[in-house]
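Peer 1: Just so it is clear, I am handing over start_35.cif, which has mmCIF, C-alpha atoms.
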data_run
loop_
_atom_site.label_atom_id
_atom_site.label_comp_id
_atom_site.auth_asym_id
_atom_site.auth_seq_id
_atom_site.Cartn_x
_atom_site.Cartn_y
_atom_site.Cartn_z
CA MET A 1 144.73 93.03 -41.42
CA PRO A 2 141.33 91.38 -41.02
CA GLY A 3 140.97 88.88 -38.20
CA THR A 4 144.11 89.97 -36.38
CA ASP A 5 144.24 92.27 -33.41
CA LYS A 6 146.14 95.40 -34.43
CA GLN A 7 148.16 95.57 -31.24
CA THR A 8 149.19 91.90 -31.41
CA LEU A 9 150.25 92.27 -35.04
CA PHE A 10 152.18 95.43 -34.20
CA GLU A 11 153.98 93.65 -31.36
CA GLN A 12 154.88 90.84 -33.74
CA ILE A 13 156.21 93.27 -36.35
CA LEU A 14 158.17 95.11 -33.68
CA GLU A 15 159.66 91.90 -32.27
CA GLU A 16 160.72 90.71 -35.73
CA ASN A 17 162.03 94.04 -36.96
CA LYS A 18 163.73 95.63 -33.95
CA SER A 19 167.24 95.28 -35.35
CA ARG A 20 166.08 96.24 -38.82
CA LEU A 21 164.42 99.35 -37.45
CA HIS A 22 167.55 100.32 -35.54
CA MET A 23 169.73 99.79 -38.62
CA VAL A 24 167.46 101.93 -40.79
CA ALA A 25 167.55 104.69 -38.18
CA ARG A 26 171.32 104.54 -37.74
CA ALA A 27 171.87 104.54 -41.49
CA ASN A 28 169.77 107.63 -41.93
CA ALA A 29 170.38 109.78 -38.87
CA THR A 30 173.13 110.52 -36.42
CA ALA A 31 173.00 108.84 -32.99
CA ASP A 32 171.39 111.99 -31.53
CA PHE A 33 168.43 111.77 -33.89
CA CYS A 34 168.15 107.98 -33.87
CA PRO A 35 165.55 107.63 -31.07
CA ASP A 36 163.36 110.36 -32.63
CA LEU A 37 163.50 108.68 -36.02
CA GLU A 38 162.76 105.26 -34.51
CA GLN A 39 159.71 106.71 -32.77
CA GLU A 40 158.48 108.29 -36.00
CA ILE A 41 158.87 105.03 -37.88
CA LEU A 42 157.00 103.17 -35.13
CA LEU A 43 154.17 105.70 -35.28
CA ALA A 44 154.04 105.44 -39.08
CA LEU A 45 153.96 101.64 -38.84
CA TRP A 46 151.12 101.85 -36.34
CA SER A 47 149.06 104.25 -38.44
CA SER A 48 149.69 102.29 -41.67
CA LEU A 49 148.88 98.92 -40.16
CA ASP A 50 145.14 99.26 -40.85
CA ARG A 51 145.88 99.31 -44.57
CA TYR A 52 148.22 96.30 -44.61
CA GLU A 53 146.45 93.69 -46.72
CA GLY A 54 149.16 91.07 -46.83
CA ARG A 55 149.78 91.49 -50.57
CA SER A 56 153.48 92.07 -50.00
CA SER A 57 155.63 90.44 -47.34
CA LEU A 58 155.81 92.15 -43.95
CA LYS A 59 159.52 92.79 -44.51
CA THR A 60 158.85 94.62 -47.79
CA TRP A 61 155.95 96.55 -46.27
CA PHE A 62 158.11 97.47 -43.28
CA TYR A 63 160.79 98.93 -45.53
CA ARG A 64 158.30 100.92 -47.56
CA VAL A 65 156.82 102.53 -44.47
CA ALA A 66 160.24 103.02 -42.85
CA PHE A 67 161.92 104.65 -45.83
CA ASN A 68 158.98 106.91 -46.61
CA THR A 69 159.03 108.03 -42.97
CA VAL A 70 162.79 108.56 -43.12
CA SER A 71 162.35 110.66 -46.24
CA ASN A 72 159.83 112.94 -44.50
CA PHE A 73 161.88 113.07 -41.30
CA LEU A 74 165.05 114.08 -43.13
CA ARG A 75 163.28 116.75 -45.13
CA ARG A 76 161.70 118.20 -41.98
CA ASN A 77 164.87 118.11 -39.87
CA HIS A 78 167.29 118.81 -42.70
CA ARG A 79 168.91 121.86 -41.10
CA ARG A 80 169.25 120.39 -37.60
CA ILE A 81 170.77 117.17 -38.91
CA ARG A 82 173.19 119.00 -41.19
CA GLU A 83 174.37 121.16 -38.28
CA THR A 84 174.99 118.06 -36.15
CA CYS A 85 176.86 116.38 -39.01
CA LEU A 86 179.04 119.45 -39.49
CA SER A 87 179.89 119.66 -35.80
CA GLU A 88 180.73 115.95 -35.79
CA ALA A 89 182.88 116.41 -38.87
CA ASP A 90 184.96 118.94 -36.91
CA GLU A 91 185.88 116.27 -34.37
CA PRO A 92 189.07 114.36 -35.22
CA ALA A 93 188.47 110.88 -36.63
CA THR A 94 189.77 108.17 -34.33
CA CYS A 95 190.55 105.59 -36.97
CA ASN A 96 190.09 105.83 -40.69
CA SER A 97 190.65 102.26 -41.80
CA GLY A 98 187.66 99.99 -41.39
CA HIS A 99 189.44 97.01 -39.77
CA ASN A 100 188.77 97.34 -36.06
CA ARG A 101 185.92 99.74 -36.12
CA ASP A 102 182.43 99.36 -34.82
CA PRO A 103 180.30 98.14 -37.76
CA LEU A 104 177.55 100.57 -36.78
CA ALA A 105 179.98 103.47 -36.92
CA ILE A 106 181.08 102.38 -40.40
CA LEU A 107 177.45 102.05 -41.48
CA GLU A 108 176.65 105.52 -40.16
CA GLU A 109 179.71 107.14 -41.71
CA PHE A 110 179.41 105.45 -45.08
CA THR A 111 175.67 105.93 -45.56
CA ARG A 112 176.03 109.62 -44.73
CA SER A 113 178.02 110.02 -47.94
CA LEU A 114 175.37 108.30 -50.09
CA GLY A 115 172.34 109.73 -51.83
CA GLU A 116 168.93 108.71 -50.50
CA LEU A 117 168.17 105.98 -53.01
CA ASP A 118 171.68 104.53 -52.77
CA ARG A 119 171.32 104.50 -49.00
CA ILE A 120 168.05 102.58 -49.21
CA VAL A 121 169.52 100.04 -51.61
CA PHE A 122 172.61 99.65 -49.43
CA VAL A 123 170.62 99.02 -46.24
CA MET A 124 168.39 96.50 -48.03
CA TYR A 125 171.48 94.76 -49.37
CA LEU A 126 172.89 94.51 -45.85
CA ASP A 127 169.57 92.99 -44.80
CA ASN A 128 169.97 90.18 -47.36
CA PHE A 129 167.31 91.45 -49.76
CA SER A 130 167.52 89.99 -53.24
CA TYR A 131 167.48 92.48 -56.13
CA SER A 132 164.01 91.32 -57.16
CA GLU A 133 162.74 91.98 -53.61
CA MET A 134 164.34 95.42 -53.68
CA ALA A 135 162.76 96.13 -57.05
CA GLU A 136 159.37 95.07 -55.72
CA ALA A 137 159.64 97.19 -52.58
CA LEU A 138 160.89 100.27 -54.41
CA LYS A 139 158.94 99.70 -57.64
CA ALA A 140 162.23 100.27 -59.45
CA ASP A 141 164.04 98.57 -62.28
CA GLU A 142 166.05 95.55 -61.08
CA ALA A 143 168.94 96.09 -63.50
CA ASN A 144 169.23 99.69 -62.40
CA LEU A 145 169.38 98.61 -58.77
CA ARG A 146 172.18 96.16 -59.59
CA VAL A 147 174.19 98.91 -61.29
CA ARG A 148 173.53 101.23 -58.37
CA MET A 149 174.62 98.64 -55.82
CA SER A 150 177.74 97.77 -57.79
CA ARG A 151 178.70 101.47 -57.72
CA VAL A 152 178.05 101.62 -53.97
CA LYS A 153 180.14 98.47 -53.41
CA LYS A 154 183.07 99.98 -55.32
CA LEU A 155 182.81 103.16 -53.30
CA TYR A 156 182.72 101.16 -50.07
CA GLU A 157 185.73 99.08 -51.05
CA SER A 158 187.75 102.12 -52.02
CA ARG A 159 187.18 103.53 -48.54
CA TYR A 160 187.19 100.63 -46.16
CA VAL A 161 188.97 97.70 -47.79
CA GLY A 162 192.72 97.39 -48.16
CA SER A 163 193.60 100.71 -46.57
CA MET B 164 186.40 95.73 -43.20
CA GLU B 165 185.08 93.94 -46.29
CA LEU B 166 181.45 94.52 -47.18
CA GLU B 167 180.45 90.91 -46.56
CA LYS B 168 182.10 91.04 -43.13
CA LEU B 169 180.26 94.25 -42.34
CA LYS B 170 177.02 92.60 -43.41
CA ALA B 171 177.66 89.55 -41.21
CA ALA B 172 178.76 91.71 -38.26
CA LEU B 173 175.63 93.86 -38.46
CA ASN B 174 173.35 90.85 -38.77
CA GLU B 175 174.90 89.15 -35.75
CA ARG B 176 175.30 92.22 -33.64
CA LYS B 177 173.33 92.74 -30.45
CA PHE B 178 172.07 96.30 -30.49
CA GLU B 179 171.41 98.53 -27.52
CA GLY B 180 168.76 101.11 -26.82
CA TYR B 181 165.20 101.33 -25.58
CA LEU B 182 163.93 99.15 -28.43
CA PHE B 183 165.94 96.24 -27.09
CA GLU B 184 165.63 96.93 -23.39
CA ARG B 185 161.86 97.22 -23.15
CA PRO B 186 159.33 94.50 -23.97
CA ALA B 187 157.56 94.84 -27.34
CA ARG B 188 154.21 94.96 -25.56
CA GLN B 189 155.22 98.02 -23.55
CA ILE B 190 156.57 99.82 -26.64
CA ALA B 191 153.40 98.97 -28.57
CA LEU B 192 151.26 100.37 -25.77
CA ASP B 193 153.31 103.58 -25.68
CA ILE B 194 153.06 104.00 -29.44
CA ARG B 195 149.31 103.40 -29.35
CA ARG B 196 148.97 106.03 -26.63
CA ARG B 197 151.14 108.51 -28.55
CA ALA B 198 149.21 107.91 -31.79
CA LYS B 199 145.96 108.55 -29.94
CA SER B 200 147.26 111.74 -28.37
CA ILE B 201 148.52 113.03 -31.75
CA GLU B 202 145.13 112.25 -33.29
CA ALA B 203 143.36 114.07 -30.46
CA LYS B 204 145.62 117.11 -30.89
CA GLU B 205 144.98 117.19 -34.64
CA ARG B 206 141.24 116.89 -34.10
CA ALA B 207 141.34 119.70 -31.54
CA HIS B 208 143.26 121.87 -34.02
CA ASP B 209 140.73 121.18 -36.77
CA ILE B 210 137.79 121.92 -34.49
CA GLN B 211 139.52 125.07 -33.25
CA THR B 212 140.01 126.27 -36.84
CA ILE B 213 136.46 125.62 -37.96
CA VAL B 214 134.64 126.58 -34.77
CA GLY B 215 136.98 129.56 -34.22
CA GLY B 216 136.30 130.84 -37.74
CA LEU B 217 132.55 130.40 -37.36
CA ALA B 218 132.56 131.96 -33.88
CA MET B 219 134.41 135.00 -35.21
CA ALA B 220 131.88 135.28 -38.03
CA VAL B 221 129.04 135.13 -35.47
CA VAL B 222 130.70 137.81 -33.31
CA PHE B 223 131.07 140.07 -36.32
CA PHE B 224 127.47 139.34 -37.27
CA PHE B 225 126.38 141.01 -34.00
CA TRP B 226 128.17 144.16 -35.11
CA PHE B 227 125.44 144.62 -37.73
CA ASP B 228 123.15 147.46 -36.77
CA SER B 229 120.46 149.04 -38.92
CA ARG B 230 121.21 152.42 -37.33
CA GLN B 231 124.77 152.28 -38.61
CA SER B 232 125.73 153.71 -41.98
CA PHE B 233 125.55 151.56 -45.10
CA TRP B 234 129.37 151.54 -45.33
CA SER B 235 129.77 150.21 -41.76
CA ASN B 236 127.42 147.32 -42.47
CA ALA B 237 129.10 146.67 -45.82
CA GLY B 238 132.43 146.56 -43.97
CA ILE B 239 131.05 143.98 -41.52
CA ALA B 240 129.73 141.86 -44.38
CA LEU B 241 133.20 141.88 -45.93
CA ILE B 242 134.84 140.98 -42.60
CA ILE B 243 132.48 138.01 -42.19
CA ALA B 244 133.15 136.86 -45.76
CA GLY B 245 136.91 137.14 -45.18
CA THR B 246 136.79 135.24 -41.88
CA VAL B 247 134.77 132.39 -43.39
CA LEU B 248 137.11 132.26 -46.39
CA VAL B 249 140.25 132.11 -44.20
CA ALA B 250 138.74 129.30 -42.08
CA ALA B 251 137.61 127.42 -45.18
CA CYS B 252 141.01 127.76 -46.86
CA THR B 253 142.83 126.56 -43.73
CA ALA B 254 140.45 123.62 -43.27
CA SER B 255 140.68 122.67 -46.96
CA VAL B 256 144.46 122.27 -46.60
CA TYR B 257 144.73 120.53 -43.28
CA LEU B 258 141.67 118.28 -43.17
CA PRO B 259 142.24 116.14 -46.28
CA GLY B 260 146.03 116.20 -45.89
CA ARG B 261 146.18 114.65 -42.43
CA ARG B 262 146.58 111.02 -43.37
CA VAL B 263 150.01 110.41 -44.84
CA ARG B 264 150.17 107.15 -46.81
CA PHE B 265 153.55 105.84 -45.67
CA ASP B 266 152.71 102.40 -47.05
CA LEU B 267 152.64 103.53 -50.68
CA PRO B 268 155.44 102.64 -53.07
CA ARG B 269 158.10 105.34 -53.02
CA GLN B 270 157.18 107.11 -56.28
CA GLU B 271 153.49 107.23 -55.40
CA PHE B 272 154.34 108.41 -51.89
CA LEU B 273 156.51 111.24 -53.19
CA ALA B 274 153.89 112.17 -55.79
CA GLU B 275 151.28 112.40 -52.99
CA GLU B 276 153.61 114.52 -50.88
CA ARG B 277 154.25 116.80 -53.85
CA LYS B 278 150.51 117.19 -54.38
CA ARG B 279 149.99 118.04 -50.71
CA LEU B 280 152.77 120.62 -50.72
CA ARG B 281 151.53 122.22 -53.95
CA THR B 282 148.06 122.53 -52.45
CA ARG B 283 149.44 124.14 -49.29
CA ILE B 284 151.50 126.64 -51.28
CA ARG B 285 148.51 127.44 -53.51
CA VAL B 286 146.23 127.94 -50.51
CA LEU B 287 148.79 130.14 -48.74
CA ARG B 288 148.86 132.38 -51.78
CA ARG B 289 145.08 132.28 -52.16
CA ASP B 290 144.65 132.99 -48.44
CA GLY B 291 146.91 136.02 -48.77
CA VAL B 292 145.03 137.50 -51.69
CA TRP B 293 141.43 136.31 -51.84
CA ALA B 294 140.68 135.79 -48.17
CA CYS B 295 142.68 138.59 -46.58
CA THR B 296 141.61 141.27 -49.08
CA PRO B 297 137.88 141.28 -48.10
CA LEU B 298 138.91 141.07 -44.43
CA ILE B 299 141.14 144.15 -44.66
CA ALA B 300 138.76 146.05 -46.92
CA GLY B 301 135.97 145.27 -44.45
CA PHE B 302 137.93 146.61 -41.47
CA LEU B 303 138.87 149.74 -43.42
CA LEU B 304 135.27 150.42 -44.40
CA TYR B 305 133.96 149.74 -40.91
CA PHE B 306 136.43 151.92 -39.04
CA ALA B 307 136.38 154.64 -41.70
CA SER B 308 132.73 155.28 -41.00
CA TYR B 309 133.53 155.97 -37.31
CA LEU B 310 136.62 158.09 -37.80
CA ASN B 311 136.33 161.84 -37.80
CA SER B 312 139.53 163.15 -39.26
CA ILE B 313 141.87 162.26 -42.07
CA VAL B 314 144.68 161.76 -39.51
CA GLU B 315 142.72 159.08 -37.66
CA TYR B 316 141.96 157.44 -40.97
CA ALA B 317 145.62 157.53 -41.95
CA ILE B 318 146.62 155.92 -38.63
CA CYS B 319 144.02 153.21 -39.19
CA VAL B 320 145.34 152.55 -42.71
CA VAL B 321 148.94 152.39 -41.46
CA VAL B 322 148.04 149.93 -38.65
CA LEU B 323 146.10 147.71 -41.04
CA ALA B 324 148.83 147.91 -43.67
CA GLY B 325 151.37 146.86 -41.01
CA ALA B 326 149.22 143.93 -39.97
CA CYS B 327 148.80 142.94 -43.62
CA ALA B 328 152.51 143.17 -44.28
CA ALA B 329 153.29 140.99 -41.24
CA THR B 330 150.70 138.39 -42.28
CA TRP B 331 151.87 138.44 -45.86
CA TRP B 332 155.51 138.07 -44.81
CA SER B 333 154.87 135.17 -42.44
CA SER B 334 152.57 133.24 -44.74
CA THR B 335 153.86 133.89 -48.24
CA HIS B 336 157.53 134.58 -47.69
CA LYS B 337 158.44 132.47 -44.65
CA HIS B 338 156.16 129.48 -45.14
CA GLY B 339 156.26 129.72 -48.90
CA LYS B 340 160.05 129.61 -48.85
CA VAL B 341 160.17 126.59 -46.51
CA LEU B 342 157.49 124.71 -48.42
CA LYS B 343 159.08 125.55 -51.76
CA SER B 344 162.44 124.16 -50.72
CA LEU B 345 160.70 120.97 -49.54
CA LEU B 346 158.89 120.81 -52.88
CA ASN B 347 162.16 121.20 -54.78
CA GLU B 348 163.71 118.33 -52.80
CA ILE B 349 160.75 116.09 -53.60
CA GLU B 350 160.83 117.04 -57.29
CA LEU B 351 164.53 116.19 -57.42
CA GLU B 352 164.04 112.86 -55.69
CA LEU B 353 161.12 111.98 -57.95
CA ALA B 354 163.15 112.84 -61.06
CA GLN B 355 165.95 110.53 -59.86
CA LEU B 356 163.50 107.74 -59.13
CA ASN B 357 161.75 108.13 -62.47
CA ALA B 358 165.11 107.99 -64.22
CA SER B 359 166.02 104.79 -62.42
CA THR B 360 162.67 103.21 -63.29
CA ARG B 361 162.96 104.12 -66.97
CA SER B 362 166.53 102.87 -67.52
#
Before we go any further, please render this structure as structure tokens.
Peer 2:
Amino acid sequence: MPGTDKQTLFEQILEENKSRLHMVARANATADFCPDLEQEILLALWSSLDRYEGRSSLKTWFYRVAFNTVSNFLRRNHRRIRETCLSEADEPATCNSGHNRDPLAILEEFTRSLGELDRIVFVMYLDNFSYSEMAEALKADEANLRVRMSRVKKLYESRYVGS
Amino acid sequence: MELEKLKAALNERKFEGYLFERPARQIALDIRRRAKSIEAKERAHDIQTIVGGLAMAVVFFFWFDSRQSFWSNAGIALIIAGTVLVAACTASVYLPGRRVRFDLPRQEFLAEERKRLRTRIRVLRRDGVWACTPLIAGFLLYFASYLNSIVEYAICVVVLAGACAATWWSSTHKHGKVLKSLLNEIELELAQLNASTRS
């Protein structure tokens, strides 16, 4: 971004998006892989910052960089992550209903069962993105995103509400 | 827990971890340092590939000798051509593909990744056939002119064939398989995205 020191801008982005970054990482990787994924996203944000021209909001730009990094990370570590998930699946579940559970644990468990695009849409929804903002960030059709999200909501409710 | 409650709980929640325990300035400095060290490593790898390839070519160049037979010198010429081709192929894949555009919209990003992977697969195949063939033929010609018996020649052929088979297996089979599965995943994801954009 012209006229702004890269490091200062990065610090600002980091300060504003810490929780967002952590949520994206937790939604896309198990706790073991979370710090690695966070680091990769931070590195990708740093290297992409030179090309940020301010045409989209920082929040939208952040998500683009983060989800593209996640996509690469998951493809590269596919086998390792799957093995961890399988070993975790062997452990007995402590509580299946969603009432008193840690929201992060619910997020992690639920997103693991979603496809990549559904996961992205779900995390953006949790971050109060409007459908038009999602469509802009993903360059996808808004109506399609609504349908997608409605399916995800139904799936969520069938698992965690009223059980 | 209802979805809206989950949303509210996550938005209000205080998270833990190094991101929240360390000041942003410190994290930014660490990331800057790591980015620089990655860049330096990549640059060193590129230089190593190019300079290494050229250095090998120069070393082989000194094997030329007018007192040697025509076939020995022809073998050396082929070895040099093969070495330069391998270095050029490797550099042509890694040098332009270093900068990943994470800031691109998803479809464009995946299309770029697909292009990069296709190039790598193509070069791996090309490396195996077009670059390694002159290299191997060159070694065969060169050593053949120094060997005295058919047994020695047979041993030389077997050793070279073994080396070729190992190279072929590691580059085409192993890497090709890994890269191809990555390519398939990207193709699938792109097809899903294209479908959701069209509808």
Peer 1: Counting all atoms listed in the file, which of A:Ala25, A:Ala31, A:Leu49, A:Val161 gets nearest to chain B?
Peer 2: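 So, comparing all the options, the nearest one is A:Val161.
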Peer 1: Do you know which residues the PyMOL selection byres ((chain A) within 7 of (chain B)) returns on this file, as a PDB file with C-alpha atoms, keeping the file's coordinate frame?
Peer 2:
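New file part_37.pdb:
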ATOM      1  CA  GLN A   7     148.160  95.570 -31.240  1.00  0.00           C
ATOM      2  CA  PHE A  10     152.180  95.430 -34.200  1.00  0.00           C
ATOM      3  CA  GLU A  11     153.980  93.650 -31.360  1.00  0.00           C
ATOM      4  CA  LEU A  14     158.170  95.110 -33.680  1.00  0.00           C
ATOM      5  CA  GLU A  15     159.660  91.900 -32.270  1.00  0.00           C
ATOM      6  CA  LYS A  18     163.730  95.630 -33.950  1.00  0.00           C
ATOM      7  CA  SER A  19     167.240  95.280 -35.350  1.00  0.00           C
ATOM      8  CA  LEU A  42     157.000 103.170 -35.130  1.00  0.00           C
ATOM      9  CA  LEU A  43     154.170 105.700 -35.280  1.00  0.00           C
ATOM     10  CA  ALA A  44     154.040 105.440 -39.080  1.00  0.00           C
ATOM     11  CA  SER A  48     149.690 102.290 -41.670  1.00  0.00           C
ATOM     12  CA  TRP A  61     155.950  96.550 -46.270  1.00  0.00           C
ATOM     13  CA  ARG A  64     158.300 100.920 -47.560  1.00  0.00           C
ATOM     14  CA  VAL A  65     156.820 102.530 -44.470  1.00  0.00           C
ATOM     15  CA  ASN A  68     158.980 106.910 -46.610  1.00  0.00           C
ATOM     16  CA  THR A  69     159.030 108.030 -42.970  1.00  0.00           C
ATOM     17  CA  ARG A  75     163.280 116.750 -45.130  1.00  0.00           C
ATOM     18  CA  GLY A  98     187.660  99.990 -41.390  1.00  0.00           C
ATOM     19  CA  HIS A  99     189.440  97.010 -39.770  1.00  0.00           C
ATOM     20  CA  PRO A 103     180.300  98.140 -37.760  1.00  0.00           C
ATOM     21  CA  LEU A 126     172.890  94.510 -45.850  1.00  0.00           C
ATOM     22  CA  ALA A 137     159.640  97.190 -52.580  1.00  0.00           C
ATOM     23  CA  LEU A 138     160.890 100.270 -54.410  1.00  0.00           C
ATOM     24  CA  LYS A 139     158.940  99.700 -57.640  1.00  0.00           C
ATOM     25  CA  ALA A 140     162.230 100.270 -59.450  1.00  0.00           C
ATOM     26  CA  ASP A 141     164.040  98.570 -62.280  1.00  0.00           C
ATOM     27  CA  ASN A 144     169.230  99.690 -62.400  1.00  0.00           C
ATOM     28  CA  TYR A 160     187.190 100.630 -46.160  1.00  0.00           C
ATOM     29  CA  VAL A 161     188.970  97.700 -47.790  1.00  0.00           C
TER      30      VAL A 161
END
Peer 1: Taking into account all atoms listed in the file, which residue in the set B:Lys340, B:Arg288, B:Lys278, B:Arg261 is nearest to Asp209 of chain B?
Peer 2: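 Using all atoms listed in the file, Asp209 of chain B sits closest to B:Arg261.
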Peer 1: In Å to one decimal, how far is atom CA of Ala250 of chain B from atom CA of Val214 of chain B?
Peer 2: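 Computing it gives 8.8 Å between the two atoms.
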Peer 1: On this structure, which residues satisfy the PyMOL selection byres ((chain B and resi 224) around 10), written as a list in words?
Peer 2: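 So the PyMOL selection byres ((chain B and resi 224) around 10) ends up selecting Ala218, Met219, Ala220, Val221, Val222, Phe223, Phe225, Trp226, Phe227, Asp228, Asn236, Ile239, Ala240, Ile242 and Ile243 of chain B.
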Peer 1: Give the answer as one residue: which of A:Leu155, A:Leu74, A:Ala29, A:Ile13 has the shortest atom-to-atom distance to Ser57 of chain A, using all atoms listed in the file?
Peer 2: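 Comparing A:Leu155, A:Leu74, A:Ala29, A:Ile13 against Ser57 of chain A, the winner is A:Ile13.
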